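Before any comments, here is the structure.
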Amino acid sequence: MTKKNQMYFAANPDAKHDEHLVDYHIDDIDLKFTTDAGVFSKLRIDYGSGVLIKTMKDLTFPKAGILDVGTGYGPMGLFAAKFWPDQEVDMVDVNERALDLARRNAKFNQINNVNIYQSDIYEQVDKKYGLVITNPPIRAGKKVVDQILSEAKEHLVENGILLVVIQKKQGAPRAKKLMTKVYGNCEILARDKGYYILMSENNSKDNDNGL
C-alpha cells in the first residue's frame, strides 16, 4: 500500500471507508452529500469550493453546458446543475470512489441533468462547454494543475469561461500568469481568506487585474 493510493487524486484509493453526511445550504438551495475517506474534503464542503460556488452564481456564459473537472463527490457540479436546471453538467474525476459518491449524491438530491464519468483530466472529454469550473488537485503537482488550466481552452466554446479556485499560497499568482498567457486574459473575481477565484474567457479582450 502506497501513500499515493490513499490520496484523493488516485484512481482507486484504498483508504478504509469512513462515510459522512454533509449538509450544504446557500440561498434557497439545500443539498446533502455523502462523503468518504479517500476523497477530497470529506468532513465539509471545501471553503474554496464554496467561494467558487458563490462567485459562479453571478456569471453570464454561453448556454453550451458546464464541465466540472476534478468533481470529487460533486459539490460544485451538483450545485451548478441545481442552480441552472436547463443546463447539462458533465462531472469528471479520476477517482472512482469519488465518482460513485457523486452519482449517489445526484440521485439523493434528485438532480438529473448531469453526466458523471471517469476521465484523467480531459482524456475522455470530447465536447465544448460554455463554462468549465475546477478546484484543481494541488497535491497532484504543478504539471496536472497546469494541464487542467491550459487544456480547458480546447473544451470551451467561443466566449466560454474557465473559472478556477486556488489559494494564493498554493500558486494563484502562477496560475494567473499561465491563464493570461493561454487565454490572453485573466481576471480575479473574488478574494476570500487567501482563496482566489480566477476567470479567463476564451477569445475575449484582455482583462488583467494584478494580484
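Each chain in the C-alpha cells gets a letter, A, B, ..., in the order shown, and its residues are numbered from 1; ligands are numbered from 1 in order too.
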Exercise: A:Arg191 partners within 12 Å, only C-alpha atoms, chain neighbours under 3 positions left out, as a compact mmCIF listing (two decimals) with all heavy atoms, in the first residue's frame:
```txt
# COMPACT_ATOMS: atom_id res chain seq x y z
N TYR A 47 -13.72 25.07 1.66
CA TYR A 47 -14.01 26.50 1.69
C TYR A 47 -13.83 27.13 0.31
O TYR A 47 -14.64 27.96 -0.13
CB TYR A 47 -13.11 27.21 2.70
CG TYR A 47 -13.55 28.62 2.99
CD1 TYR A 47 -14.50 28.88 3.97
CD2 TYR A 47 -13.03 29.69 2.27
CE1 TYR A 47 -14.92 30.18 4.24
CE2 TYR A 47 -13.45 30.99 2.53
CZ TYR A 47 -14.39 31.22 3.51
OH TYR A 47 -14.82 32.50 3.76
N GLY A 48 -12.77 26.73 -0.38
CA GLY A 48 -12.53 27.26 -1.72
C GLY A 48 -13.64 26.90 -2.69
O GLY A 48 -14.06 27.74 -3.51
N VAL A 51 -16.42 29.25 -2.10
CA VAL A 51 -16.18 30.58 -2.67
C VAL A 51 -16.46 30.56 -4.17
O VAL A 51 -17.07 31.48 -4.72
CB VAL A 51 -14.74 31.05 -2.39
CG1 VAL A 51 -14.48 32.41 -3.04
CG2 VAL A 51 -14.48 31.14 -0.89
N LEU A 52 -16.03 29.49 -4.84
CA LEU A 52 -16.29 29.38 -6.28
C LEU A 52 -17.79 29.30 -6.55
O LEU A 52 -18.30 29.96 -7.46
CB LEU A 52 -15.58 28.16 -6.87
CG LEU A 52 -15.68 28.03 -8.40
CD1 LEU A 52 -14.38 27.48 -8.98
CD2 LEU A 52 -16.84 27.15 -8.82
N LYS A 54 -20.29 30.51 -4.79
CA LYS A 54 -20.91 31.82 -4.59
C LYS A 54 -20.60 32.77 -5.73
O LYS A 54 -21.45 33.56 -6.16
CB LYS A 54 -20.43 32.42 -3.26
CG LYS A 54 -20.94 31.68 -2.04
CD LYS A 54 -20.27 32.21 -0.76
CE LYS A 54 -20.68 31.38 0.45
NZ LYS A 54 -19.96 31.79 1.66
N THR A 55 -19.38 32.69 -6.26
CA THR A 55 -18.97 33.55 -7.37
C THR A 55 -19.64 33.11 -8.67
O THR A 55 -20.09 33.95 -9.47
CB THR A 55 -17.44 33.52 -7.54
OG1 THR A 55 -16.82 33.84 -6.28
CG2 THR A 55 -16.98 34.49 -8.60
N VAL A 164 -11.71 29.15 -11.89
CA VAL A 164 -10.78 28.36 -11.08
C VAL A 164 -10.71 28.92 -9.67
O VAL A 164 -10.70 30.15 -9.49
CB VAL A 164 -9.36 28.41 -11.70
CG1 VAL A 164 -8.38 27.58 -10.88
CG2 VAL A 164 -9.39 27.94 -13.14
N VAL A 165 -10.65 28.04 -8.67
CA VAL A 165 -10.35 28.49 -7.31
C VAL A 165 -9.00 27.91 -6.91
O VAL A 165 -8.71 26.73 -7.12
CB VAL A 165 -11.45 28.07 -6.30
CG1 VAL A 165 -11.65 26.56 -6.25
CG2 VAL A 165 -11.10 28.60 -4.90
N ILE A 166 -8.15 28.79 -6.35
CA ILE A 166 -6.82 28.35 -5.93
C ILE A 166 -6.33 29.32 -4.86
O ILE A 166 -6.59 30.52 -4.92
CB ILE A 166 -5.86 28.28 -7.14
CG1 ILE A 166 -4.54 27.62 -6.76
CG2 ILE A 166 -5.66 29.63 -7.77
CD1 ILE A 166 -3.71 27.24 -7.98
N GLN A 167 -5.66 28.78 -3.85
CA GLN A 167 -5.14 29.63 -2.79
C GLN A 167 -3.91 30.39 -3.28
O GLN A 167 -3.11 29.87 -4.05
CB GLN A 167 -4.75 28.80 -1.57
CG GLN A 167 -5.94 28.25 -0.79
CD GLN A 167 -5.51 27.67 0.53
OE1 GLN A 167 -5.07 28.41 1.42
NE2 GLN A 167 -5.62 26.36 0.68
N LYS A 168 -3.75 31.59 -2.77
CA LYS A 168 -2.58 32.38 -3.14
C LYS A 168 -1.30 31.64 -2.77
O LYS A 168 -0.36 31.56 -3.58
CB LYS A 168 -2.62 33.74 -2.44
CG LYS A 168 -1.49 34.67 -2.89
CD LYS A 168 -1.66 36.07 -2.35
CE LYS A 168 -0.57 37.00 -2.93
NZ LYS A 168 -0.73 38.39 -2.45
N ALA A 172 -1.74 30.76 -6.76
CA ALA A 172 -2.65 31.63 -7.51
C ALA A 172 -1.91 32.59 -8.45
O ALA A 172 -2.31 32.74 -9.61
CB ALA A 172 -3.58 32.39 -6.56
N GLU A 187 -8.94 37.43 -14.97
CA GLU A 187 -9.49 38.39 -14.01
C GLU A 187 -9.68 37.73 -12.66
O GLU A 187 -10.08 36.56 -12.57
CB GLU A 187 -10.85 38.90 -14.53
CG GLU A 187 -11.50 39.94 -13.64
CD GLU A 187 -12.81 40.42 -14.22
OE1 GLU A 187 -13.16 40.05 -15.35
OE2 GLU A 187 -13.50 41.19 -13.52
N ILE A 188 -9.37 38.44 -11.60
CA ILE A 188 -9.65 37.97 -10.25
C ILE A 188 -11.06 38.40 -9.89
O ILE A 188 -11.33 39.59 -9.73
CB ILE A 188 -8.65 38.54 -9.23
CG1 ILE A 188 -7.22 38.16 -9.61
CG2 ILE A 188 -8.97 38.03 -7.83
CD1 ILE A 188 -6.17 38.90 -8.81
N GLY A 194 -7.62 34.07 1.52
CA GLY A 194 -6.49 33.51 0.79
C GLY A 194 -6.87 32.76 -0.46
O GLY A 194 -5.99 32.38 -1.25
N TYR A 195 -8.16 32.51 -0.67
CA TYR A 195 -8.63 31.84 -1.89
C TYR A 195 -8.92 32.88 -2.97
O TYR A 195 -9.56 33.89 -2.70
CB TYR A 195 -9.89 31.03 -1.62
CG TYR A 195 -9.65 29.78 -0.80
CD1 TYR A 195 -9.75 29.81 0.58
CD2 TYR A 195 -9.32 28.58 -1.42
CE1 TYR A 195 -9.53 28.66 1.34
CE2 TYR A 195 -9.10 27.44 -0.66
CZ TYR A 195 -9.19 27.49 0.71
OH TYR A 195 -8.96 26.36 1.45
N TYR A 196 -8.46 32.60 -4.16
CA TYR A 196 -8.68 33.48 -5.30
C TYR A 196 -9.55 32.77 -6.33
O TYR A 196 -9.34 31.59 -6.61
CB TYR A 196 -7.35 33.87 -5.95
CG TYR A 196 -6.59 34.92 -5.20
CD1 TYR A 196 -6.05 34.65 -3.94
CD2 TYR A 196 -6.40 36.20 -5.73
CE1 TYR A 196 -5.35 35.61 -3.24
CE2 TYR A 196 -5.71 37.17 -5.03
CZ TYR A 196 -5.18 36.88 -3.78
OH TYR A 196 -4.50 37.84 -3.09
N ILE A 197 -10.53 33.48 -6.85
CA ILE A 197 -11.32 32.98 -7.97
C ILE A 197 -10.81 33.66 -9.23
O ILE A 197 -10.92 34.88 -9.37
CB ILE A 197 -12.82 33.25 -7.78
CG1 ILE A 197 -13.31 32.68 -6.45
CG2 ILE A 197 -13.61 32.66 -8.95
CD1 ILE A 197 -13.16 31.18 -6.30
N LEU A 198 -10.24 32.87 -10.11
CA LEU A 198 -9.68 33.37 -11.36
C LEU A 198 -10.59 33.00 -12.52
O LEU A 198 -11.10 31.89 -12.59
CB LEU A 198 -8.29 32.77 -11.59
CG LEU A 198 -7.26 32.95 -10.48
CD1 LEU A 198 -5.96 32.25 -10.85
CD2 LEU A 198 -7.01 34.43 -10.21
N LEU A 211 -2.43 40.76 -8.93
CA LEU A 211 -2.57 40.10 -7.64
C LEU A 211 -1.96 40.97 -6.56
O LEU A 211 -0.91 41.54 -6.77
CB LEU A 211 -1.84 38.74 -7.67
CG LEU A 211 -2.64 37.55 -8.17
CD1 LEU A 211 -1.73 36.37 -8.45
CD2 LEU A 211 -3.66 37.13 -7.13
```
What parts of stretch 40-125 of chain A does DSSP call alpha helix (DSSP H)? I'd like the answer as JSON, numbers by chain.
{"A": [47, 48, 49, 50, 51, 52, 53, 54, 55, 56, 75, 76, 77, 78, 79, 80, 81, 82, 83, 96, 97, 98, 99, 100, 101, 102, 103, 104, 105, 106, 107, 108]}
Nearest to A:Asp23 among A:Asn105, A:Pro62, A:Phe83, A:Glu151, with distances taken over only C-alpha atoms: which residue is it?
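Smallest distance to A:Asp23 is found for A:Asn105.
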Separation of atom CA of A:Lys176 from atom CA of A:Ala80, in Å and rounded to one decimal
23.6 Å
A:Asn112 environment, 10 Å, only C-alpha atoms, sequence neighbours closer than 3 positions dropped, as a ChimeraX atom specification
/A:78,81-82,85,88-89,103,106-107,109,115
Please identify which residues in stretch 64-170 of chain A DSSP calls strand (DSSP E) from the backbone, and express them as a PyMOL selection string.
chain A and resi 66-69+89-93+114-118+129-134+156-167
With only C-alpha atoms as the basis for distance, which of A:Asn202, A:Asn159, A:Ser150, A:Thr71 is at the shortest distance from A:Leu178?
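Result for the nearest residue to A:Leu178: A:Ser150.
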Contact table stretch 34-108 of chain A vs stretch 141-149 of chain A, cut-off 12 Å, shortest pair per residue, only C-alpha atoms, as a tab-separated table:
```
residue	atom	partner	partner_atom	distance
A:Leu67	CA	A:Ile148	CA	11.7
A:Asp68	CA	A:Ile148	CA	10.8
A:Val69	CA	A:Ile148	CA	7.7
A:Gly70	CA	A:Ile148	CA	9.2
A:Val92	CA	A:Ile148	CA	11.8
A:Asp93	CA	A:Ile148	CA	11.6
A:Val94	CA	A:Val144	CA	11.9
```
Using all heavy atoms, can you export the residues from the last selection as a compact mmCIF listing (two decimals), in the first residue's frame?
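The result, written out as again02.txt:
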```txt
# COMPACT_ATOMS: atom_id res chain seq x y z
N LEU A 67 -18.81 21.98 -17.47
CA LEU A 67 -17.91 20.87 -17.13
C LEU A 67 -17.25 21.17 -15.80
O LEU A 67 -16.66 22.23 -15.60
CB LEU A 67 -16.84 20.70 -18.22
CG LEU A 67 -15.75 19.66 -17.93
CD1 LEU A 67 -16.35 18.26 -17.88
CD2 LEU A 67 -14.64 19.74 -18.98
N ASP A 68 -17.33 20.19 -14.87
CA ASP A 68 -16.66 20.28 -13.58
C ASP A 68 -15.49 19.29 -13.60
O ASP A 68 -15.70 18.08 -13.61
CB ASP A 68 -17.66 19.94 -12.46
CG ASP A 68 -17.04 19.99 -11.06
OD1 ASP A 68 -15.90 20.44 -10.93
OD2 ASP A 68 -17.74 19.58 -10.10
N VAL A 69 -14.27 19.82 -13.61
CA VAL A 69 -13.07 18.98 -13.70
C VAL A 69 -12.52 18.72 -12.31
O VAL A 69 -12.19 19.65 -11.58
CB VAL A 69 -11.99 19.67 -14.57
CG1 VAL A 69 -10.76 18.75 -14.70
CG2 VAL A 69 -12.54 20.02 -15.94
N GLY A 70 -12.40 17.44 -11.94
CA GLY A 70 -12.00 17.08 -10.59
C GLY A 70 -13.15 17.26 -9.64
O GLY A 70 -13.04 17.87 -8.57
N VAL A 92 -16.40 15.18 -14.07
CA VAL A 92 -15.37 14.17 -14.29
C VAL A 92 -14.34 14.18 -13.16
O VAL A 92 -14.09 15.20 -12.53
CB VAL A 92 -14.64 14.36 -15.65
CG1 VAL A 92 -15.64 14.28 -16.79
CG2 VAL A 92 -13.86 15.67 -15.70
N ASP A 93 -13.76 13.02 -12.94
CA ASP A 93 -12.71 12.85 -11.94
C ASP A 93 -11.97 11.57 -12.28
O ASP A 93 -12.51 10.70 -13.00
CB ASP A 93 -13.31 12.76 -10.52
CG ASP A 93 -12.33 13.17 -9.44
OD1 ASP A 93 -11.28 12.51 -9.30
OD2 ASP A 93 -12.59 14.15 -8.72
N VAL A 94 -10.78 11.41 -11.76
CA VAL A 94 -10.03 10.16 -11.95
C VAL A 94 -10.38 9.17 -10.85
O VAL A 94 -10.19 7.97 -11.00
CB VAL A 94 -8.50 10.43 -11.99
CG1 VAL A 94 -7.97 10.81 -10.62
CG2 VAL A 94 -7.75 9.25 -12.57
```
Any idea what's packed within 12 Å of A:Phe79, counting only C-alpha atoms, ignoring anything in its chain fewer than 5 positions away? Could you give it as a ChimeraX atom specification?
/A:24-33,45,49-50,52-54,56-57,66,68,71,73-74,84-85,87,89,91,102,105-106,109-114,133
